[in-house]
Amino acid sequence: MEVNDALVDKLAHLARLQFNEEEKQEIRSDLQRMIAFVEKLNELDLEGVSPLLHMTDEVNVLREDELKGTVSREEALKNAPLHDGQFFKVPKVIKK
Amino acid sequence: MTDQIEYEVVVGLEVHAQLLTQTKLFCGDSISFGAEPNTHVSPITLGHPGTLPKINRKAIEFAVKMGLACHCDIEKQNYFARKNYFYPDLPKGYQVTQHTTPVCKGGFIKIRTGNTEKKIRLNRIHLEEDAGKSLHDVDPQNTCIDYNRAGTPLIEIVSEPEIRSGEEAFAFLTEIRKLVRYLEICDGNMEEGSLRCDANVSVRKKGDTALGTKVEVKNLNSIRHVKKAIESESKRLIDILEQGGIVVQQTRSFDADTGMTFATRDKEDADDYRYFPEPDLTPFHLKDDFIEKILHSIPALPEERIKRYTSELQLSEYDAAVLTEEKAFSDYFEKIVATGPPSPTGEARPDDPVGRGSGVRLPKAAANWMLGPVRSWLNENNKEINSFPISPVQLAALIELVNSGQLSFSAAATKLFSQLLANPSKDPGQIAFEQNLIQESDALVLARLVDKVLATHADKVIAYKNGKKGLLSLFVGEVMKLSKGNADPSMTTELLSEKLKS
């Protein structure tokens, strides 16, 4: 699979990242190598092998519908870069 | 003049219903509405690294319940996926949803518009978590985020594009609202956002099989708005086509004040959500006995009740439909009916002696009381049937007093009903007796009063016998007066004419 600039741009946009030209070249060749590494798997005949979706065989690890684990608002806001003691604050989403 | 082209409106609805669990889909935070901002949050809700979500068993139950009620196939091998996108009210940067393996597939919901019944097929019902809430007008510099709602369990009900008008959409949503409330899995409150709806609207020439370019209309917070938005949006799309224009795929929002939609986002390139299986959650597998158990917990649904009310209880289609709009209301009605003999069809009943022939069967009388005095009281007091003070057994007793002729309907509806509302623990018969409301239907008591009236109006009796038959109503009136309004008018008239013959 060829990693071109368009693909790097698209992924950067989806990940909300910005690269300058130099970084972009570096990322591009990194990605190319990573994908080539995984593409090695294409050499195997996987006909009839179902995909491994989860890393353990555990199923149905469920909880009962009980109130538990809530933290105080003070604690919840502690790590926020910006808050007013009530809300988390982020840059304006809608421009007026 | 050009030939008039006929268009067909094609609508698919996506309905989100907030499940009535106590806690969130993947952690134990409360989901109750209206709490102080950011007080129902935990490290899992906030998406802190190293936290491990765990599926709420009840949410699965509720989703399966809805699926069974909608005749869906239940998927037994389920897992959740991550839907990746960035928005500040989505703390993890992805939404956990059953996008890839919906727990319910296919199925349908029956709707009725006018006299036509139609099945709207469902594509799927799946479980997913809700996002938080963004507030744009609290702070002029920033957007404020409240994560209380983040992680609330939702089911998304996706219809096939088989809805053909705003009216059908209205009926479809009304039916969904009724169903989730019967199943007690969602409160169905569109104003508070526990039931939300997006409409995918497109139009095409009648006879075309390919779908037209669709527009997604959001921000529809009442069933009426959904109908209106579909009507105005389909008209807008037809106008574009009529003028030779091309419909652009868009997300639009409904403005309730103007009744029109406006564009919020062009969807030129398709969203790329990069779904993949959520590695933090184990798959969940459903066993037959689990599904069976849920199936048995489903109460009789409106369709089944309407059938029974119209056949077994011989009520009108209209009465049956109104009685079954709310489960609690319908349950109350059934409790009244249950005080009577079990099978009313074709049998003589104590409350319907063949001789009366006046149609005062218990189910019909109960329906009249429910749709008349009870419903007006609930409306006037803005209350639900659950907080109606009179018990079904008492109301049944009151109805029996009327049916057996001891009490006139008007005395029962005006006097006894309000007395009972004020003293809900008292026996209706006792109140009727104390308030002197019992009708003087006893022939002997009545006969005494009749004799008394005829004796005091001897001159009028002669006049009557000489042909002034109109005086009969005067005699009836006098008897009523003597009985303080408690005499049964028809019985009084009958007795008087009898006596005046001799």
# chains A, B, ... in the order shown; residues from 1 in each chain; ligands from 1

call {"tool": "residues_around", "arguments": {"residues": "A:Asp30", "least_positions_apart": "6", "cutoff": "10 Å", "atoms": "only C-alpha atoms", "output": "list in words"}}
result
Val3, Lys24 and Ala36 of chain A

call {"tool": "residues_around", "arguments": {"residues": "A:Leu82", "least_positions_apart": "4", "cutoff": "10 Å", "atoms": "only C-alpha atoms", "output": "PyMOL selection string"}}
result
(chain A and resi 77-78+87-91) or (chain B and resi 142+144)

call {"tool": "write_last_selection", "arguments": {"atoms": "N, CA, C and O atoms", "output": "PDB file, in the first residue's frame"}}
result
ATOM      1  N   LEU A  77     -13.219  18.180  37.971  1.00  0.00           N
ATOM      2  CA  LEU A  77     -12.714  19.347  37.236  1.00  0.00           C
ATOM      3  C   LEU A  77     -11.215  19.576  37.453  1.00  0.00           C
ATOM      4  O   LEU A  77     -10.605  20.408  36.784  1.00  0.00           O
ATOM      5  N   LYS A  78     -10.655  18.835  38.387  1.00  0.00           N
ATOM      6  CA  LYS A  78      -9.278  19.059  38.827  1.00  0.00           C
ATOM      7  C   LYS A  78      -8.261  19.111  37.680  1.00  0.00           C
ATOM      8  O   LYS A  78      -7.383  19.969  37.672  1.00  0.00           O
ATOM      9  N   PHE A  87     -18.485  24.082  35.039  1.00  0.00           N
ATOM     10  CA  PHE A  87     -18.369  23.513  33.696  1.00  0.00           C
ATOM     11  C   PHE A  87     -16.907  23.311  33.290  1.00  0.00           C
ATOM     12  O   PHE A  87     -16.034  24.063  33.737  1.00  0.00           O
ATOM     13  N   PHE A  88     -16.684  22.329  32.417  1.00  0.00           N
ATOM     14  CA  PHE A  88     -15.434  22.262  31.669  1.00  0.00           C
ATOM     15  C   PHE A  88     -15.543  23.335  30.594  1.00  0.00           C
ATOM     16  O   PHE A  88     -16.607  23.525  30.014  1.00  0.00           O
ATOM     17  N   LYS A  89     -14.448  24.024  30.304  1.00  0.00           N
ATOM     18  CA  LYS A  89     -14.515  25.059  29.282  1.00  0.00           C
ATOM     19  C   LYS A  89     -13.561  24.738  28.142  1.00  0.00           C
ATOM     20  O   LYS A  89     -12.418  24.359  28.374  1.00  0.00           O
ATOM     21  N   VAL A  90     -14.073  24.907  26.946  1.00  0.00           N
ATOM     22  CA  VAL A  90     -13.266  24.641  25.752  1.00  0.00           C
ATOM     23  C   VAL A  90     -13.431  25.832  24.808  1.00  0.00           C
ATOM     24  O   VAL A  90     -14.383  26.604  24.961  1.00  0.00           O
ATOM     25  N   PRO A  91     -12.518  25.974  23.845  1.00  0.00           N
ATOM     26  CA  PRO A  91     -12.682  27.077  22.894  1.00  0.00           C
ATOM     27  C   PRO A  91     -14.060  27.015  22.239  1.00  0.00           C
ATOM     28  O   PRO A  91     -14.593  25.923  22.026  1.00  0.00           O
TER      29      PRO A  91
ATOM     30  N   ASN B 142     -16.053  31.011  25.739  1.00  0.00           N
ATOM     31  CA  ASN B 142     -15.839  29.568  25.657  1.00  0.00           C
ATOM     32  C   ASN B 142     -17.150  28.805  25.499  1.00  0.00           C
ATOM     33  O   ASN B 142     -18.220  29.336  25.764  1.00  0.00           O
ATOM     34  N   CYS B 144     -19.169  25.790  27.172  1.00  0.00           N
ATOM     35  CA  CYS B 144     -19.179  25.101  28.462  1.00  0.00           C
ATOM     36  C   CYS B 144     -19.678  23.679  28.271  1.00  0.00           C
ATOM     37  O   CYS B 144     -20.632  23.444  27.537  1.00  0.00           O
TER      38      CYS B 144
END

call {"tool": "residues_around", "arguments": {"residues": "B:Trp369", "least_positions_apart": "2", "cutoff": "12 Å", "atoms": "only C-alpha atoms", "output": "ChimeraX atom specification"}}
result
/B:319,323,329,332-333,336-337,360,362-367,371-377,392,395-396,398-400,402,409-410,412-413,417

call {"tool": "interface_residues", "arguments": {"of": "chain A", "to": "chain B", "cutoff": "12 Å", "atoms": "only C-alpha atoms", "output": "compact mmCIF listing (two decimals) with C-alpha atoms, in the first residue's frame"}}
result
# COMPACT_ATOMS: atom_id res chain seq x y z
CA LYS A 10 -6.37 12.97 5.51
CA LEU A 11 -5.10 11.14 8.58
CA HIS A 13 -7.07 16.00 9.55
CA LEU A 14 -8.92 13.10 11.19
CA ALA A 15 -6.50 13.16 14.11
CA ARG A 16 -6.59 16.97 14.31
CA LEU A 17 -2.82 17.15 13.92
CA PRO A 51 -10.80 -12.18 12.85
CA LEU A 52 -9.56 -11.92 16.41
CA LEU A 53 -11.67 -9.08 17.80
CA HIS A 54 -10.85 -9.34 21.48
CA MET A 55 -7.69 -10.32 23.30
CA THR A 56 -9.33 -12.61 25.85
CA ASP A 57 -11.98 -15.31 25.60
CA GLU A 58 -14.05 -13.68 28.31
CA VAL A 59 -17.64 -12.83 27.45
CA ASN A 60 -20.53 -11.28 29.35
CA VAL A 61 -18.56 -9.34 31.92
CA LEU A 62 -21.57 -7.30 32.97
CA ARG A 63 -22.47 -5.12 35.93
CA GLU A 64 -25.74 -4.68 37.79
CA ASP A 65 -27.57 -1.37 37.41
CA GLU A 66 -26.31 0.13 40.68
CA LEU A 67 -25.07 3.62 41.54
CA LYS A 68 -21.34 3.45 42.11
CA GLY A 69 -18.06 5.23 41.47
CA THR A 70 -19.18 8.83 40.95
CA VAL A 71 -16.61 11.44 41.96
CA SER A 72 -17.19 14.95 43.31
CA ARG A 73 -17.38 17.81 40.85
CA GLU A 74 -14.28 19.32 42.40
CA GLU A 75 -12.33 16.15 41.66
CA ALA A 76 -13.84 15.84 38.20
CA LEU A 77 -12.71 19.35 37.24
CA LYS A 78 -9.28 19.06 38.83
CA ASN A 79 -7.37 18.13 35.67
CA ALA A 80 -9.27 20.44 33.32
CA LEU A 82 -10.01 25.53 32.01
CA HIS A 83 -13.11 25.39 34.19
CA ASP A 84 -15.28 27.65 36.32
CA GLY A 85 -16.00 25.26 39.17
CA GLN A 86 -19.14 24.14 37.35
CA PHE A 87 -18.37 23.51 33.70
CA PHE A 88 -15.43 22.26 31.67
CA LYS A 89 -14.52 25.06 29.28
CA VAL A 90 -13.27 24.64 25.75
CA PRO A 91 -12.68 27.08 22.89
CA LYS A 92 -15.96 28.24 21.32
CA VAL A 93 -17.34 25.48 19.14
CA ILE A 94 -19.94 27.56 17.32
CA LYS A 95 -18.78 30.86 15.81
CA LYS A 96 -21.34 33.61 16.07

call {"tool": "residues_around", "arguments": {"residues": "B:Ala411", "least_positions_apart": "2", "cutoff": "12 Å", "atoms": "only C-alpha atoms", "output": "list in words"}}
result
Leu398, Ile399, Leu401, Val402, Gly405, Gln406, Leu407, Ser408, Phe409, Ala413, Thr414, Lys415, Leu416, Phe417, Ser418, Gln419, Ile431, Ala432, Gln435, Asn436, Leu437, Ile438, Gln439, Gly485, Asn486, Ala487 and Asp488 of chain B

call {"tool": "closest_residue", "arguments": {"among": "A:Glu39, A:Val49, A:Asn4, A:Leu44", "to": "A:Ile27", "atoms": "only C-alpha atoms"}}
result
A:Asn4

call {"tool": "atom_distance", "arguments": {"atom1": "atom CA of B:Leu495", "atom2": "atom CA of B:Ala397"}}
result
28.6 Å

call {"tool": "decode", "arguments": {"residues": "stretch 12-60 of chain A", "atoms": "N, CA and C atoms", "output": "compact mmCIF listing (two decimals), in the first residue's frame"}}
result
# COMPACT_ATOMS: atom_id res chain seq x y z
N ALA A 12 -4.00 13.22 9.13
CA ALA A 12 -3.68 14.36 10.00
C ALA A 12 -4.96 15.12 10.33
N HIS A 13 -5.81 15.29 9.32
CA HIS A 13 -7.07 16.00 9.55
C HIS A 13 -7.96 15.23 10.52
N LEU A 14 -8.07 13.91 10.31
CA LEU A 14 -8.92 13.10 11.19
C LEU A 14 -8.40 13.10 12.63
N ALA A 15 -7.08 13.18 12.78
CA ALA A 15 -6.50 13.16 14.11
C ALA A 15 -6.32 14.56 14.67
N ARG A 16 -6.75 15.56 13.93
CA ARG A 16 -6.59 16.97 14.31
C ARG A 16 -5.13 17.29 14.62
N LEU A 17 -4.24 16.85 13.75
CA LEU A 17 -2.82 17.15 13.92
C LEU A 17 -2.35 18.01 12.76
N GLN A 18 -1.30 18.79 13.01
CA GLN A 18 -0.74 19.60 11.93
C GLN A 18 0.75 19.32 11.81
N PHE A 19 1.23 19.09 10.59
CA PHE A 19 2.66 18.84 10.35
C PHE A 19 3.20 19.89 9.40
N ASN A 20 4.47 20.27 9.61
CA ASN A 20 5.11 21.07 8.57
C ASN A 20 5.67 20.10 7.52
N GLU A 21 6.20 20.63 6.42
CA GLU A 21 6.65 19.79 5.31
C GLU A 21 7.65 18.71 5.76
N GLU A 22 8.57 19.13 6.56
CA GLU A 22 9.63 18.21 7.01
C GLU A 22 9.03 17.05 7.81
N GLU A 23 8.16 17.42 8.76
CA GLU A 23 7.52 16.39 9.61
C GLU A 23 6.68 15.46 8.76
N LYS A 24 6.03 16.04 7.77
CA LYS A 24 5.15 15.26 6.92
C LYS A 24 5.94 14.16 6.20
N GLN A 25 7.14 14.50 5.69
CA GLN A 25 7.96 13.51 5.00
C GLN A 25 8.35 12.39 5.96
N GLU A 26 8.68 12.81 7.18
CA GLU A 26 9.09 11.83 8.18
C GLU A 26 7.94 10.88 8.51
N ILE A 27 6.77 11.46 8.77
CA ILE A 27 5.58 10.66 9.09
C ILE A 27 5.26 9.71 7.94
N ARG A 28 5.41 10.26 6.75
CA ARG A 28 5.07 9.47 5.56
C ARG A 28 5.93 8.21 5.48
N SER A 29 7.22 8.38 5.69
CA SER A 29 8.08 7.19 5.57
C SER A 29 7.88 6.25 6.77
N ASP A 30 7.60 6.83 7.95
CA ASP A 30 7.29 6.00 9.12
C ASP A 30 6.07 5.13 8.85
N LEU A 31 5.04 5.79 8.36
CA LEU A 31 3.79 5.08 8.09
C LEU A 31 4.01 3.98 7.06
N GLN A 32 4.78 4.34 6.03
CA GLN A 32 5.05 3.39 4.95
C GLN A 32 5.70 2.12 5.52
N ARG A 33 6.65 2.34 6.43
CA ARG A 33 7.34 1.18 7.02
C ARG A 33 6.43 0.37 7.92
N MET A 34 5.58 1.06 8.68
CA MET A 34 4.66 0.35 9.59
C MET A 34 3.68 -0.50 8.80
N ILE A 35 3.16 0.09 7.75
CA ILE A 35 2.17 -0.64 6.97
C ILE A 35 2.82 -1.84 6.27
N ALA A 36 4.02 -1.64 5.79
CA ALA A 36 4.74 -2.74 5.13
C ALA A 36 4.94 -3.88 6.12
N PHE A 37 5.24 -3.52 7.36
CA PHE A 37 5.45 -4.53 8.41
C PHE A 37 4.18 -5.37 8.60
N VAL A 38 3.04 -4.68 8.67
CA VAL A 38 1.78 -5.40 8.89
C VAL A 38 1.38 -6.17 7.63
N GLU A 39 1.75 -5.62 6.50
CA GLU A 39 1.38 -6.28 5.24
C GLU A 39 2.03 -7.66 5.10
N LYS A 40 3.03 -7.90 5.89
CA LYS A 40 3.68 -9.21 5.93
C LYS A 40 2.63 -10.30 6.14
N LEU A 41 1.57 -9.95 6.90
CA LEU A 41 0.50 -10.92 7.19
C LEU A 41 -0.19 -11.40 5.93
N ASN A 42 -0.14 -10.58 4.89
CA ASN A 42 -0.81 -10.97 3.64
C ASN A 42 -0.22 -12.25 3.03
N GLU A 43 0.99 -12.59 3.48
CA GLU A 43 1.61 -13.81 2.94
C GLU A 43 0.90 -15.05 3.43
N LEU A 44 0.15 -14.93 4.54
CA LEU A 44 -0.53 -16.10 5.11
C LEU A 44 -1.87 -16.35 4.43
N ASP A 45 -2.22 -17.61 4.36
CA ASP A 45 -3.53 -17.95 3.83
C ASP A 45 -4.50 -17.95 5.02
N LEU A 46 -5.36 -16.94 5.10
CA LEU A 46 -6.28 -16.80 6.25
C LEU A 46 -7.71 -17.17 5.90
N GLU A 47 -7.85 -17.86 4.82
CA GLU A 47 -9.16 -18.34 4.39
C GLU A 47 -9.82 -19.12 5.53
N GLY A 48 -11.02 -18.72 5.92
CA GLY A 48 -11.74 -19.46 6.95
C GLY A 48 -11.32 -19.13 8.38
N VAL A 49 -10.36 -18.24 8.55
CA VAL A 49 -9.96 -17.85 9.91
C VAL A 49 -10.73 -16.59 10.29
N SER A 50 -11.52 -16.66 11.35
CA SER A 50 -12.30 -15.47 11.70
C SER A 50 -11.40 -14.47 12.42
N PRO A 51 -11.69 -13.19 12.26
CA PRO A 51 -10.80 -12.18 12.85
C PRO A 51 -10.80 -12.25 14.37
N LEU A 52 -9.67 -11.96 14.96
CA LEU A 52 -9.56 -11.92 16.41
C LEU A 52 -9.98 -10.51 16.84
N LEU A 53 -11.16 -10.40 17.45
CA LEU A 53 -11.67 -9.08 17.80
C LEU A 53 -11.27 -8.68 19.21
N HIS A 54 -11.17 -9.67 20.09
CA HIS A 54 -10.85 -9.34 21.48
C HIS A 54 -9.68 -10.19 21.94
N MET A 55 -8.92 -9.65 22.90
CA MET A 55 -7.69 -10.32 23.30
C MET A 55 -7.91 -11.43 24.32
N THR A 56 -9.09 -11.50 24.93
CA THR A 56 -9.33 -12.61 25.85
C THR A 56 -10.57 -13.35 25.39
N ASP A 57 -10.79 -14.53 25.96
CA ASP A 57 -11.98 -15.31 25.60
C ASP A 57 -13.16 -14.97 26.49
N GLU A 58 -12.97 -14.02 27.39
CA GLU A 58 -14.05 -13.68 28.31
C GLU A 58 -15.24 -13.08 27.58
N VAL A 59 -16.43 -13.48 27.96
CA VAL A 59 -17.64 -12.83 27.45
C VAL A 59 -18.54 -12.48 28.63
N ASN A 60 -19.51 -11.63 28.36
CA ASN A 60 -20.53 -11.28 29.35
C ASN A 60 -19.98 -10.82 30.69
